[in-house]
Amino acid sequence: MKEEPLAGMSRRRFLKIGALAGAGLTVGIYLGTGGERRKPPTEVWPDRKGYLKPNAWVCVGPDESVTVRVNHTEMGQGITTALAMIVAEELDADWANVRVDIAPAEALYKNPAFNCQMTAASTSVQTSWDPLRRAGAAARQMLMAAAARTWDVPIGECRTERGVVLHEESDRRLRYGELVEAAAKLAEPEQVILKKRGSFRIIGHPIPRLDTLEKINGSAVFGIDVRVPGMRNATVVHAPVFGARVVAFDATAVGQMPGVHKVFEISSGIAVVADTFWQAKTAAENIRIQWAAEEREGLSSEALRTRWTGLCGTKGKSMFRQGDVEQAFEGAARTIQAIYELPYQAHAAAEPMNCTAHVEKDRCEIWAPTQNQDGAQEAAARITGLGYDRIVVHTPFVGGGFGRRVTVDYVAEAVEISKAVRAPVKVTWTREEDMRNDFYRPAVLGMLEAALDADGRPIAWKHRIIGPDHMAHQLPRLIPTSLPYGIPRALRNTAGALASMILPRIVPGKKAIEGAAPLSYALANVAVEYVHDDPGIPLGFWRSVAFSQNVFFVESFMDEIAAAAGRDPLELRLSLLNPALRLTDVLKLAAEKANWGQPPPANWYRGLAAYDFHGTHLAAVADISVGKNDRIRVHRVVCAVNCGVVVNPKLVAAQITGGIAFGLTAALKSRITVTKGRVDQGNFDDFPLLRMDEMPDVEVHIVPSAKPPTGIGESAVPIIAPAVANAFFTATGRRIRKLPLCP
Amino acid sequence: MPSIKVNGKRYEIEIDLQTPLLWYLRDHLGLMGAKYSCGIAECGACTVHVDGEAVLACVTPLEDVVGTSVTTIEGLAGNMADALFDAWTAEDVPQCGYCQPGQIMTASAFLSRNPKPTDAQIDEAMSGVLCRCGTYSAVRNAIHRAARRLQP
C-alpha cells in the first residue's frame with residue numbers, strides 16, 4: 001500500500017526525519033511519543049473486513065456500499081453531501097449506494113489549510129477537491145483493473161458506469177461489489193486518471209442532501225442528544241464579569257435537591273453535576289457564588305465608542321499602501337469623510353454549547369459538536385495527561401457552528417468534569433451562558449476618506465480601522481494543537497503560555513483588515529491603517545470574520561462617493577473595475593437580473609454591494625421599503641456569485657441564502673453590548689434573530705466556471721448590510737453608518 | 001400516580017411536576033427530537049403537540065400536561081406527517097437541522113387548522129420558530145407543497 005503524500009500540508013506538526021531513515025524509503029517517518037503516529041490508511045477502517053479500502057477516504061463493500069469518510073464537521077453547510085459527491089463522481093459510483101461517515105480525530109484527516117482537523121474559513125471543498133477526486137479515481141481504476149484481470153482483457157477496453165464495470169465487446173459486466181475482493185489485492189495505481197469536466201454526472205448537479213431525512217424526523221444525533229450508558233448531566237456557571245474568578249461559593253441550598261451529585265469549582269467557573277440537565281440547571285440557580293469582581297468599571301460599550309472615536313485622529317500602523325495618498329488629497333477637487341461603527345456580535349448557534357466526555361484511567365472518549373477535532377483532542381490530552389492516541393473524538397451533527405465551535409472551551413469543561421466525577425458526563429450550557437460566554441465578533445470603528453478629482457473620479461482612498469483583532473485571541477489557543485506530536489506535554493503547555501503572552505502583541509492587524517485591502521477597485525492611491533485597541537472581551541471567528549465589518553465600510557463608502565460625485569453606484573464601481581475581473585461579471589449579472597436602472601416596484605428602493613471573498617466573487621442588489629420609524633423591510637435580494645466549479649448548486653444557493661439571513665440579523669437586529677464588564681444580552685428576547693416574516697426572497701445566480709472551487713459557506717454574510725444601507729440612502733437620502741439598523 | 005401519554009404510550013410520571021415537559025421527554029424518556037435552544041419560549045425548537053395543539057415544551061411544566069396526549073416528532077404519523085416529511089425532503093429544507101423538528105411540529109398543527117394558507121398566514125404562524133441558518137423560504141415552500149398534496 002502506498003502512503004498518501006502529505007500534499008500541500010505544512011510540516012509544522014510532523015517532524016519529518018525521512019533523511020535519517022535513509023534513501024529508498026518512500027514512507028516518511030514521523031517522530032512521535034505516547035503512541036501518537038500517523039496511521040496507514042487501511043488502519044482507519046478497522047471494521048471493514050473484505051472491503052476495498054484503497055485510501056483513507058473511500059471504501060467499497062461487497063454489498064455495493066460506497067462509504068465516504070468526511071473529515072469535516074456537518075453543521076448545516078451540507079459538507080457530507082458535497083464531499084461524497086466528489087468521491088462518487090470519480091469512482092463512478094451509483095449515488096444510491098453512497099453513505100458517509102464522519103472521520104475521527106486522526107492525523108490523516110487534517111485540513112491542509114491549517115494542518116489541523118478543523119472545519120473553518122470555508123476551506124472544506126477547496127482543500128478536498130483534488131485529494132477526494134484522486135481517492136475516488138484510484139478506487140475506480142482498481143475495480144477496473146480487477147475486472148480486466150478477471151475477464152483477461154486489456155483494461156483499456158473496460159469502462160465504468162454507475163457502480164458497474166463493463167466490457168462491451170464481450171457484453172460482460174460486473175458490479176463493484178463483485179470486484180472488491182479481487183481489487184483489494186491490487187496495488188493502488190501509480191497514476192490516477194481524472195474524469196474530464198464535461199463528463200461529470202454528479203458534480204455540478206442539484207443532488208438532494210444525504211442528511212435530510214434524519215434531520216427532519218428527529219433521529220439525527222446532535223451533540224446535545226448524545227447519550228452514553230451511566231452518563232450524568234452537568235451545567236456550568238461562568239463569571240458574570242469578563243475575567244472574574246471564583247472567590248467562594250455556597251452550595252448548601254442544593255445539597256438536598258434530588259439528583260444532584262456534585263458542585264465544584266473548575267477552571268472556568270462552577271460545575272453542577274446531576275442526573276438530568278433540569279436538575280443541574282435548577283441547582284445552579286441556587287448556588288451562591290462570590291466572584292473576584294462583580295463589575296468592571298470602564299468596560300462598557302459606550303465608553304469604548306467614545307475612546308475609539310477619539311482614536312480616529314491617531315495615526316495607525318500602516319497595513320497597506322500604494323501611490324502617494326497625501327499628495328492626491330492635497331490636489332483633490334473635493335474630499336469626503338465618514339466614520340462607521342459596528343458592535344460586538346454573538347454566534348447564537350441554535351444548539352447551545354455542549355460536550356460529552358468519558359475520562360477513564362487509560363483512555364478518554366469525547367462526543368464533541370466541534371469544528372476543531374484536533375483542538376478537542378489537545379484539550380483532552382492537556383487535562384487528562386493521556387497521549388493523543390488514547391483520546392477518541394466523535395463528531396456528532398452540529399446545530400450551527402459559524403466559527404464559535406473552533407474554540408473548544410466547552411470541550412475542556414466536559415473533560416475536566418468527567419475526570420473529577422469519574423463518570424461519563426454531558427455538559428450543556430443554558431442559552432444565557434452561551435450568549436454571555438461567547439468568543440465574539442469584535443466591535444470596530446472604520447474611518448474612511450476619499451479624494452475626488454474635478455470630474456468626480458475617486459483618486460485616493462484612506463481607511464483607518466480602530467478596534468481589537470480576533471486573531472490575537474485565537475492564535476495562542478491554536479498553538480499547542482499545531483505543535484509536532486513529539487513535543488512533550490510540559491513543553492507544549494509552556495509554548496501555549498508563551499504564545500498567550502507574546503502573540504497578542506505581534507499578530508493584531510493582518511486579519512482585522514481583511515476585506516479592506518487590497519481593494520478590487522483600481523484606485524491609484526490607497527492607505528489602510530490599523531489602530532489596535534483591545535479591551536479584552538473574548539474574540540473569535542464569526543462567519544466571514546473581518547469581511548463582515550470591512551465590506552460594510554468599503555461598500556457603503558463607495559456609495560457615498562457615488563452620491564458625492566452624482567454618479568450611479570453601479571456605473572462608478574464598473575468604472576473602477578478591470579473588465580476582465582470575475583467581480584465585474586458578477587456585478588453585471590446581479591444588476592441585469594435585478595433590473596438595475598429600471599424603476600423598482602412602488603415604494604421599493606435599491607442598493608447594491610460587491611466584493612471578493614478569498615477568491616469567491618459576489619454581488620447583490622437588495623430591494624427594500626422603509627416604513628414608519630425607519631422600519632426596514634427587505635423584499636428581494638438578487639445575488640450573483642462566482643465560486644469556481646460548483647459541486648452542488650443547491651448547496652451553494654442554500655449557503656448564499658443562509659449567509660444573507662445571518663448577515664441580515666446582524667444588519668437589522670442583533671448586537672452584543674457590555675456594561676461594566678457584563679454582557680447585556682442573554683437570550684433571543686434581547687438578541688433577536690431574523691424571523692420568517694422578515695426573510696427576503698433570495699435569488700442566486702451562479703456564474704459558470706471551470707476554475708477550482710473556492711469557499712462558499714461564509715461568503716454571503718457581508719453582502720447584505722451595505723446593500724440594504726445603500727438602498728436605505730436611496731429611499732431616504734440618509735446614510736446609515738452604524739448597525740444594527742433597527743435594534 | 002399522575003400519568004401522561006407520549007406518542008401513544010402511557011407513562012406514570014415519577015418526577016417533580018415542575019419539570020418542563022421538554023426535559024422529561026429528553027432526559028427521562030430519551031426522546032431527543034424536541035430541542036432545547038432558548039428555554040424561554042422564544043425560538044420554537046422544542047415544539048410538540050399536546051392533544052393536537054402546538055405547545056412549547058421548554059416552558060410547559062409537567063403539571064400542566066398530566067393526563068394529556070403528547071406527540072413528538074418521533075411519533076408524528078399519518079397523512080399530514082407523510083405530506084410534511086415528503087415536502088421537507090423535496091424542498092431539501094434543513095441546513096444544520098436543529099430547528100427542523102420544531103418547524104415541522106408547528107407546521108403540522110398550523111396546517112390542521114388552515115389547510116390552504118397564504119404566504120402571509122404561513123409567515124405569521126411560523127414566525128415563532130427561529131432558524132439561524134435561514135431556511136425560512138424553503139420552509140414556506142415546503143408548507144405550500146404539503147398543503148397542495150393534502151387538498152381533497
# chains A, B, ... in the order shown; residues from 1 in each chain; ligands from 1
call {"tool": "residues_around", "arguments": {"residues": "B:Pro2", "least_positions_apart": "4", "cutoff": "8 Å", "atoms": "only C-alpha atoms", "output": "PyMOL selection string"}}
result
chain B and resi 12-14+66-67
call {"tool": "write_last_selection", "arguments": {"atoms": "C-alpha atoms", "output": "PDB file, in the first residue's frame"}}
result
ATOM      1  CA  GLU B  12     -46.513   7.241  35.015  1.00  0.00           C
ATOM      2  CA  ILE B  13     -44.707  10.413  35.983  1.00  0.00           C
ATOM      3  CA  GLU B  14     -42.415   9.823  38.911  1.00  0.00           C
ATOM      4  CA  VAL B  66     -50.826  15.484  33.213  1.00  0.00           C
ATOM      5  CA  GLY B  67     -53.436  13.253  31.600  1.00  0.00           C
TER       6      GLY B  67
END
call {"tool": "interface_residues", "arguments": {"of": "chain B", "to": "chain A", "cutoff": "9 Å", "atoms": "only C-alpha atoms", "output": "PDB file with N, CA, C and O atoms, in the first residue's frame"}}
result
ATOM      1  N   THR B  19     -40.988  20.090  36.563  1.00  0.00           N
ATOM      2  CA  THR B  19     -40.030  19.886  35.467  1.00  0.00           C
ATOM      3  C   THR B  19     -40.704  20.195  34.135  1.00  0.00           C
ATOM      4  O   THR B  19     -41.810  19.724  33.882  1.00  0.00           O
ATOM      5  N   PRO B  20     -40.041  20.980  33.279  1.00  0.00           N
ATOM      6  CA  PRO B  20     -40.650  21.235  31.970  1.00  0.00           C
ATOM      7  C   PRO B  20     -40.786  19.952  31.153  1.00  0.00           C
ATOM      8  O   PRO B  20     -39.921  19.070  31.231  1.00  0.00           O
ATOM      9  N   TRP B  23     -37.705  18.565  29.204  1.00  0.00           N
ATOM     10  CA  TRP B  23     -36.638  17.791  29.855  1.00  0.00           C
ATOM     11  C   TRP B  23     -37.123  16.429  30.307  1.00  0.00           C
ATOM     12  O   TRP B  23     -36.332  15.496  30.433  1.00  0.00           O
ATOM     13  N   TYR B  24     -38.417  16.300  30.514  1.00  0.00           N
ATOM     14  CA  TYR B  24     -38.977  14.974  30.760  1.00  0.00           C
ATOM     15  C   TYR B  24     -38.821  14.121  29.503  1.00  0.00           C
ATOM     16  O   TYR B  24     -38.375  12.975  29.556  1.00  0.00           O
ATOM     17  N   ARG B  26     -36.717  14.545  27.001  1.00  0.00           N
ATOM     18  CA  ARG B  26     -35.329  14.327  26.592  1.00  0.00           C
ATOM     19  C   ARG B  26     -34.550  13.461  27.587  1.00  0.00           C
ATOM     20  O   ARG B  26     -33.942  12.465  27.202  1.00  0.00           O
ATOM     21  N   ASP B  27     -34.583  13.846  28.844  1.00  0.00           N
ATOM     22  CA  ASP B  27     -33.704  13.168  29.804  1.00  0.00           C
ATOM     23  C   ASP B  27     -34.338  11.956  30.476  1.00  0.00           C
ATOM     24  O   ASP B  27     -33.621  11.097  31.002  1.00  0.00           O
ATOM     25  N   HIS B  28     -35.660  11.873  30.481  1.00  0.00           N
ATOM     26  CA  HIS B  28     -36.297  10.726  31.121  1.00  0.00           C
ATOM     27  C   HIS B  28     -36.780   9.705  30.101  1.00  0.00           C
ATOM     28  O   HIS B  28     -36.632   8.508  30.302  1.00  0.00           O
ATOM     29  N   GLY B  30     -35.865   9.820  26.797  1.00  0.00           N
ATOM     30  CA  GLY B  30     -34.869   9.630  25.726  1.00  0.00           C
ATOM     31  C   GLY B  30     -35.366  10.024  24.357  1.00  0.00           C
ATOM     32  O   GLY B  30     -34.822   9.606  23.338  1.00  0.00           O
ATOM     33  N   LEU B  31     -36.416  10.836  24.306  1.00  0.00           N
ATOM     34  CA  LEU B  31     -36.911  11.341  23.022  1.00  0.00           C
ATOM     35  C   LEU B  31     -36.195  12.661  22.744  1.00  0.00           C
ATOM     36  O   LEU B  31     -36.520  13.698  23.327  1.00  0.00           O
ATOM     37  N   MET B  32     -35.204  12.623  21.852  1.00  0.00           N
ATOM     38  CA  MET B  32     -34.314  13.764  21.673  1.00  0.00           C
ATOM     39  C   MET B  32     -34.711  14.666  20.496  1.00  0.00           C
ATOM     40  O   MET B  32     -33.976  15.587  20.156  1.00  0.00           O
ATOM     41  N   GLY B  33     -35.841  14.376  19.867  1.00  0.00           N
ATOM     42  CA  GLY B  33     -36.239  15.172  18.688  1.00  0.00           C
ATOM     43  C   GLY B  33     -36.598  16.606  19.026  1.00  0.00           C
ATOM     44  O   GLY B  33     -36.247  17.539  18.297  1.00  0.00           O
ATOM     45  N   ALA B  34     -37.314  16.813  20.137  1.00  0.00           N
ATOM     46  CA  ALA B  34     -37.632  18.183  20.562  1.00  0.00           C
ATOM     47  C   ALA B  34     -36.358  18.775  21.150  1.00  0.00           C
ATOM     48  O   ALA B  34     -35.706  18.160  21.978  1.00  0.00           O
ATOM     49  N   LYS B  35     -36.016  19.979  20.708  1.00  0.00           N
ATOM     50  CA  LYS B  35     -34.703  20.525  21.044  1.00  0.00           C
ATOM     51  C   LYS B  35     -34.774  21.669  22.052  1.00  0.00           C
ATOM     52  O   LYS B  35     -35.726  22.443  22.076  1.00  0.00           O
ATOM     53  N   TYR B  36     -33.699  21.761  22.829  1.00  0.00           N
ATOM     54  CA  TYR B  36     -33.516  22.919  23.702  1.00  0.00           C
ATOM     55  C   TYR B  36     -32.689  23.949  22.955  1.00  0.00           C
ATOM     56  O   TYR B  36     -31.629  23.629  22.430  1.00  0.00           O
ATOM     57  N   SER B  37     -33.190  25.187  22.933  1.00  0.00           N
ATOM     58  CA  SER B  37     -32.346  26.239  22.372  1.00  0.00           C
ATOM     59  C   SER B  37     -32.420  27.526  23.183  1.00  0.00           C
ATOM     60  O   SER B  37     -31.409  28.155  23.422  1.00  0.00           O
ATOM     61  N   CYS B  38     -33.647  27.932  23.619  1.00  0.00           N
ATOM     62  CA  CYS B  38     -33.732  29.195  24.374  1.00  0.00           C
ATOM     63  C   CYS B  38     -34.231  28.988  25.797  1.00  0.00           C
ATOM     64  O   CYS B  38     -33.828  29.696  26.709  1.00  0.00           O
ATOM     65  N   GLY B  39     -35.149  28.064  25.997  1.00  0.00           N
ATOM     66  CA  GLY B  39     -35.689  27.811  27.328  1.00  0.00           C
ATOM     67  C   GLY B  39     -36.694  28.831  27.818  1.00  0.00           C
ATOM     68  O   GLY B  39     -37.185  28.730  28.939  1.00  0.00           O
ATOM     69  N   ILE B  40     -37.018  29.835  26.974  1.00  0.00           N
ATOM     70  CA  ILE B  40     -37.944  30.884  27.424  1.00  0.00           C
ATOM     71  C   ILE B  40     -39.053  31.170  26.399  1.00  0.00           C
ATOM     72  O   ILE B  40     -39.553  32.280  26.314  1.00  0.00           O
ATOM     73  N   GLU B  42     -38.943  31.498  23.183  1.00  0.00           N
ATOM     74  CA  GLU B  42     -38.586  32.493  22.167  1.00  0.00           C
ATOM     75  C   GLU B  42     -38.253  31.900  20.807  1.00  0.00           C
ATOM     76  O   GLU B  42     -38.150  32.627  19.830  1.00  0.00           O
ATOM     77  N   CYS B  43     -38.029  30.576  20.733  1.00  0.00           N
ATOM     78  CA  CYS B  43     -37.471  30.076  19.466  1.00  0.00           C
ATOM     79  C   CYS B  43     -38.221  28.925  18.816  1.00  0.00           C
ATOM     80  O   CYS B  43     -38.041  28.675  17.638  1.00  0.00           O
ATOM     81  N   ALA B  45     -37.918  25.687  18.991  1.00  0.00           N
ATOM     82  CA  ALA B  45     -37.206  24.429  18.686  1.00  0.00           C
ATOM     83  C   ALA B  45     -37.755  23.249  19.476  1.00  0.00           C
ATOM     84  O   ALA B  45     -37.557  22.100  19.102  1.00  0.00           O
ATOM     85  N   THR B  72     -44.504  13.855  19.850  1.00  0.00           N
ATOM     86  CA  THR B  72     -43.237  14.489  19.490  1.00  0.00           C
ATOM     87  C   THR B  72     -42.940  14.159  18.028  1.00  0.00           C
ATOM     88  O   THR B  72     -43.649  13.362  17.407  1.00  0.00           O
ATOM     89  N   ILE B  73     -41.877  14.744  17.518  1.00  0.00           N
ATOM     90  CA  ILE B  73     -41.526  14.496  16.113  1.00  0.00           C
ATOM     91  C   ILE B  73     -41.353  13.001  15.850  1.00  0.00           C
ATOM     92  O   ILE B  73     -41.700  12.497  14.779  1.00  0.00           O
ATOM     93  N   GLU B  74     -40.876  12.271  16.853  1.00  0.00           N
ATOM     94  CA  GLU B  74     -40.669  10.830  16.677  1.00  0.00           C
ATOM     95  C   GLU B  74     -41.996  10.096  16.489  1.00  0.00           C
ATOM     96  O   GLU B  74     -42.028   9.026  15.870  1.00  0.00           O
ATOM     97  N   LEU B  76     -44.851  11.601  15.189  1.00  0.00           N
ATOM     98  CA  LEU B  76     -45.730  12.251  14.205  1.00  0.00           C
ATOM     99  C   LEU B  76     -45.987  11.276  13.055  1.00  0.00           C
ATOM    100  O   LEU B  76     -45.046  10.819  12.408  1.00  0.00           O
ATOM    101  N   PHE B  85     -43.176  15.418   5.715  1.00  0.00           N
ATOM    102  CA  PHE B  85     -41.831  14.831   5.553  1.00  0.00           C
ATOM    103  C   PHE B  85     -41.436  14.796   4.072  1.00  0.00           C
ATOM    104  O   PHE B  85     -40.302  15.119   3.715  1.00  0.00           O
ATOM    105  N   TRP B  88     -40.690  18.381   2.958  1.00  0.00           N
ATOM    106  CA  TRP B  88     -39.401  18.849   3.508  1.00  0.00           C
ATOM    107  C   TRP B  88     -38.233  18.220   2.735  1.00  0.00           C
ATOM    108  O   TRP B  88     -37.212  18.843   2.511  1.00  0.00           O
ATOM    109  N   THR B  89     -38.431  16.945   2.349  1.00  0.00           N
ATOM    110  CA  THR B  89     -37.385  16.258   1.594  1.00  0.00           C
ATOM    111  C   THR B  89     -37.291  16.831   0.181  1.00  0.00           C
ATOM    112  O   THR B  89     -36.197  17.107  -0.310  1.00  0.00           O
ATOM    113  N   ALA B  90     -38.437  17.027  -0.437  1.00  0.00           N
ATOM    114  CA  ALA B  90     -38.435  17.535  -1.819  1.00  0.00           C
ATOM    115  C   ALA B  90     -37.821  18.926  -1.890  1.00  0.00           C
ATOM    116  O   ALA B  90     -37.140  19.270  -2.856  1.00  0.00           O
ATOM    117  N   GLU B  91     -38.053  19.741  -0.875  1.00  0.00           N
ATOM    118  CA  GLU B  91     -37.507  21.105  -0.868  1.00  0.00           C
ATOM    119  C   GLU B  91     -36.108  21.139  -0.260  1.00  0.00           C
ATOM    120  O   GLU B  91     -35.502  22.198  -0.186  1.00  0.00           O
ATOM    121  N   ASP B  92     -35.622  19.994   0.207  1.00  0.00           N
ATOM    122  CA  ASP B  92     -34.286  19.925   0.807  1.00  0.00           C
ATOM    123  C   ASP B  92     -34.131  21.031   1.858  1.00  0.00           C
ATOM    124  O   ASP B  92     -33.179  21.801   1.852  1.00  0.00           O
ATOM    125  N   VAL B  93     -35.062  21.096   2.782  1.00  0.00           N
ATOM    126  CA  VAL B  93     -35.157  22.250   3.686  1.00  0.00           C
ATOM    127  C   VAL B  93     -33.982  22.399   4.658  1.00  0.00           C
ATOM    128  O   VAL B  93     -33.397  23.468   4.745  1.00  0.00           O
ATOM    129  N   PRO B  94     -33.598  21.364   5.394  1.00  0.00           N
ATOM    130  CA  PRO B  94     -32.676  21.618   6.505  1.00  0.00           C
ATOM    131  C   PRO B  94     -31.286  22.048   6.076  1.00  0.00           C
ATOM    132  O   PRO B  94     -30.787  21.628   5.030  1.00  0.00           O
ATOM    133  N   GLN B  95     -30.696  22.892   6.908  1.00  0.00           N
ATOM    134  CA  GLN B  95     -29.251  23.091   6.825  1.00  0.00           C
ATOM    135  C   GLN B  95     -28.663  22.363   8.044  1.00  0.00           C
ATOM    136  O   GLN B  95     -28.471  21.164   7.989  1.00  0.00           O
ATOM    137  N   CYS B  96     -28.475  23.074   9.167  1.00  0.00           N
ATOM    138  CA  CYS B  96     -27.960  22.329  10.324  1.00  0.00           C
ATOM    139  C   CYS B  96     -29.020  21.377  10.860  1.00  0.00           C
ATOM    140  O   CYS B  96     -28.705  20.338  11.410  1.00  0.00           O
ATOM    141  N   GLY B  97     -30.285  21.723  10.686  1.00  0.00           N
ATOM    142  CA  GLY B  97     -31.366  20.805  11.021  1.00  0.00           C
ATOM    143  C   GLY B  97     -31.880  20.893  12.444  1.00  0.00           C
ATOM    144  O   GLY B  97     -32.890  20.286  12.774  1.00  0.00           O
ATOM    145  N   TYR B  98     -31.202  21.669  13.273  1.00  0.00           N
ATOM    146  CA  TYR B  98     -31.530  21.673  14.702  1.00  0.00           C
ATOM    147  C   TYR B  98     -32.958  22.140  14.965  1.00  0.00           C
ATOM    148  O   TYR B  98     -33.639  21.612  15.832  1.00  0.00           O
ATOM    149  N   CYS B  99     -33.415  23.136  14.237  1.00  0.00           N
ATOM    150  CA  CYS B  99     -34.759  23.691  14.482  1.00  0.00           C
ATOM    151  C   CYS B  99     -35.842  22.946  13.736  1.00  0.00           C
ATOM    152  O   CYS B  99     -37.029  23.214  13.928  1.00  0.00           O
ATOM    153  N   GLN B 100     -35.459  22.036  12.831  1.00  0.00           N
ATOM    154  CA  GLN B 100     -36.459  21.489  11.900  1.00  0.00           C
ATOM    155  C   GLN B 100     -37.562  20.661  12.565  1.00  0.00           C
ATOM    156  O   GLN B 100     -38.721  20.766  12.161  1.00  0.00           O
ATOM    157  N   PRO B 101     -37.283  19.849  13.585  1.00  0.00           N
ATOM    158  CA  PRO B 101     -38.414  19.189  14.243  1.00  0.00           C
ATOM    159  C   PRO B 101     -39.444  20.202  14.763  1.00  0.00           C
ATOM    160  O   PRO B 101     -40.657  19.989  14.633  1.00  0.00           O
ATOM    161  N   ILE B 104     -41.435  21.546  11.823  1.00  0.00           N
ATOM    162  CA  ILE B 104     -42.420  20.595  11.301  1.00  0.00           C
ATOM    163  C   ILE B 104     -43.596  20.423  12.262  1.00  0.00           C
ATOM    164  O   ILE B 104     -44.753  20.389  11.843  1.00  0.00           O
ATOM    165  N   ALA B 120     -48.620  34.994   3.725  1.00  0.00           N
ATOM    166  CA  ALA B 120     -48.679  35.840   4.925  1.00  0.00           C
ATOM    167  C   ALA B 120     -49.153  35.036   6.135  1.00  0.00           C
ATOM    168  O   ALA B 120     -48.647  35.220   7.249  1.00  0.00           O
ATOM    169  N   ILE B 122     -48.741  31.806   6.561  1.00  0.00           N
ATOM    170  CA  ILE B 122     -47.628  30.922   6.949  1.00  0.00           C
ATOM    171  C   ILE B 122     -46.602  31.720   7.753  1.00  0.00           C
ATOM    172  O   ILE B 122     -46.145  31.292   8.820  1.00  0.00           O
ATOM    173  N   ASP B 123     -46.247  32.903   7.243  1.00  0.00           N
ATOM    174  CA  ASP B 123     -45.258  33.726   7.949  1.00  0.00           C
ATOM    175  C   ASP B 123     -45.701  34.005   9.372  1.00  0.00           C
ATOM    176  O   ASP B 123     -44.910  33.927  10.314  1.00  0.00           O
ATOM    177  N   GLU B 124     -46.965  34.322   9.526  1.00  0.00           N
ATOM    178  CA  GLU B 124     -47.460  34.653  10.857  1.00  0.00           C
ATOM    179  C   GLU B 124     -47.416  33.429  11.770  1.00  0.00           C
ATOM    180  O   GLU B 124     -46.936  33.495  12.903  1.00  0.00           O
ATOM    181  N   MET B 126     -45.590  30.786  11.512  1.00  0.00           N
ATOM    182  CA  MET B 126     -44.268  30.185  11.700  1.00  0.00           C
ATOM    183  C   MET B 126     -43.245  31.155  12.278  1.00  0.00           C
ATOM    184  O   MET B 126     -42.104  30.762  12.525  1.00  0.00           O
ATOM    185  N   SER B 127     -43.622  32.403  12.477  1.00  0.00           N
ATOM    186  CA  SER B 127     -42.600  33.388  12.844  1.00  0.00           C
ATOM    187  C   SER B 127     -42.050  33.169  14.249  1.00  0.00           C
ATOM    188  O   SER B 127     -41.048  33.773  14.623  1.00  0.00           O
ATOM    189  N   GLY B 128     -42.679  32.278  15.024  1.00  0.00           N
ATOM    190  CA  GLY B 128     -42.146  31.972  16.351  1.00  0.00           C
ATOM    191  C   GLY B 128     -41.078  30.886  16.342  1.00  0.00           C
ATOM    192  O   GLY B 128     -40.511  30.575  17.384  1.00  0.00           O
ATOM    193  N   VAL B 129     -40.823  30.311  15.187  1.00  0.00           N
ATOM    194  CA  VAL B 129     -39.801  29.258  15.126  1.00  0.00           C
ATOM    195  C   VAL B 129     -38.573  29.827  14.425  1.00  0.00           C
ATOM    196  O   VAL B 129     -38.587  30.090  13.229  1.00  0.00           O
ATOM    197  N   LEU B 130     -37.523  30.025  15.190  1.00  0.00           N
ATOM    198  CA  LEU B 130     -36.321  30.651  14.645  1.00  0.00           C
ATOM    199  C   LEU B 130     -35.441  29.635  13.933  1.00  0.00           C
ATOM    200  O   LEU B 130     -35.344  28.488  14.353  1.00  0.00           O
ATOM    201  N   CYS B 131     -34.812  30.092  12.859  1.00  0.00           N
ATOM    202  CA  CYS B 131     -33.822  29.269  12.161  1.00  0.00           C
ATOM    203  C   CYS B 131     -32.601  30.139  11.903  1.00  0.00           C
ATOM    204  O   CYS B 131     -32.643  31.061  11.107  1.00  0.00           O
ATOM    205  N   ARG B 132     -31.524  29.855  12.598  1.00  0.00           N
ATOM    206  CA  ARG B 132     -30.307  30.651  12.465  1.00  0.00           C
ATOM    207  C   ARG B 132     -29.664  30.456  11.098  1.00  0.00           C
ATOM    208  O   ARG B 132     -28.918  31.309  10.632  1.00  0.00           O
ATOM    209  N   CYS B 133     -29.935  29.301  10.468  1.00  0.00           N
ATOM    210  CA  CYS B 133     -29.351  29.040   9.144  1.00  0.00           C
ATOM    211  C   CYS B 133     -30.107  29.759   8.033  1.00  0.00           C
ATOM    212  O   CYS B 133     -29.633  29.803   6.900  1.00  0.00           O
ATOM    213  N   GLY B 134     -31.313  30.246   8.316  1.00  0.00           N
ATOM    214  CA  GLY B 134     -32.055  30.979   7.293  1.00  0.00           C
ATOM    215  C   GLY B 134     -32.752  30.100   6.272  1.00  0.00           C
ATOM    216  O   GLY B 134     -32.760  30.402   5.081  1.00  0.00           O
ATOM    217  N   THR B 135     -33.387  29.025   6.733  1.00  0.00           N
ATOM    218  CA  THR B 135     -34.089  28.136   5.791  1.00  0.00           C
ATOM    219  C   THR B 135     -35.552  28.563   5.567  1.00  0.00           C
ATOM    220  O   THR B 135     -36.337  27.798   5.018  1.00  0.00           O
ATOM    221  N   TYR B 136     -35.891  29.761   5.995  1.00  0.00           N
ATOM    222  CA  TYR B 136     -37.297  30.177   6.015  1.00  0.00           C
ATOM    223  C   TYR B 136     -38.028  30.013   4.677  1.00  0.00           C
ATOM    224  O   TYR B 136     -39.168  29.547   4.636  1.00  0.00           O
ATOM    225  N   SER B 137     -37.394  30.435   3.587  1.00  0.00           N
ATOM    226  CA  SER B 137     -38.089  30.353   2.290  1.00  0.00           C
ATOM    227  C   SER B 137     -38.372  28.903   1.937  1.00  0.00           C
ATOM    228  O   SER B 137     -39.443  28.573   1.406  1.00  0.00           O
ATOM    229  N   VAL B 139     -38.783  26.470   4.084  1.00  0.00           N
ATOM    230  CA  VAL B 139     -39.847  26.003   4.977  1.00  0.00           C
ATOM    231  C   VAL B 139     -41.208  26.425   4.415  1.00  0.00           C
ATOM    232  O   VAL B 139     -42.144  25.627   4.330  1.00  0.00           O
ATOM    233  N   ARG B 140     -41.294  27.683   3.987  1.00  0.00           N
ATOM    234  CA  ARG B 140     -42.554  28.187   3.440  1.00  0.00           C
ATOM    235  C   ARG B 140     -42.962  27.391   2.192  1.00  0.00           C
ATOM    236  O   ARG B 140     -44.110  26.979   2.051  1.00  0.00           O
TER     237      ARG B 140
END
call {"tool": "select_by_dssp", "arguments": {"residues": "stretch 450-698 of chain A", "states": "strand (DSSP E)", "output": "ChimeraX atom specification"}}
result
/A:450-452,458-467,525-532,605-613,616-626,632-642,674-675,678-679,697-698
call {"tool": "residues_around", "arguments": {"residues": "A:Val87", "least_positions_apart": "3", "cutoff": "9 Å", "atoms": "only C-alpha atoms", "output": "count of residues only"}}
result
16
call {"tool": "atom_distance", "arguments": {"atom1": "atom CA of A:Ala284", "atom2": "atom CA of A:Val246"}}
result
14.3 Å
call {"tool": "residues_around", "arguments": {"residues": "B:Thr47", "least_positions_apart": "4", "cutoff": "6 Å", "atoms": "only C-alpha atoms", "output": "short mmCIF file (atom, residue, chain, number, x, y, z; two decimals) with N, CA and C atoms, in the first residue's frame"}}
result
data_model
loop_
_atom_site.label_atom_id
_atom_site.label_comp_id
_atom_site.auth_asym_id
_atom_site.auth_seq_id
_atom_site.Cartn_x
_atom_site.Cartn_y
_atom_site.Cartn_z
N VAL B 55 -47.33 23.18 21.27
CA VAL B 55 -47.00 23.70 22.60
C VAL B 55 -45.48 23.80 22.72
N LEU B 56 -45.02 24.84 23.41
CA LEU B 56 -43.59 24.99 23.62
C LEU B 56 -43.19 24.22 24.88
N ALA B 57 -42.55 23.09 24.67
CA ALA B 57 -42.29 22.17 25.76
C ALA B 57 -41.30 22.72 26.79
N GLY B 102 -38.95 21.31 15.30
CA GLY B 102 -39.85 22.36 15.78
C GLY B 102 -40.61 23.01 14.63
#
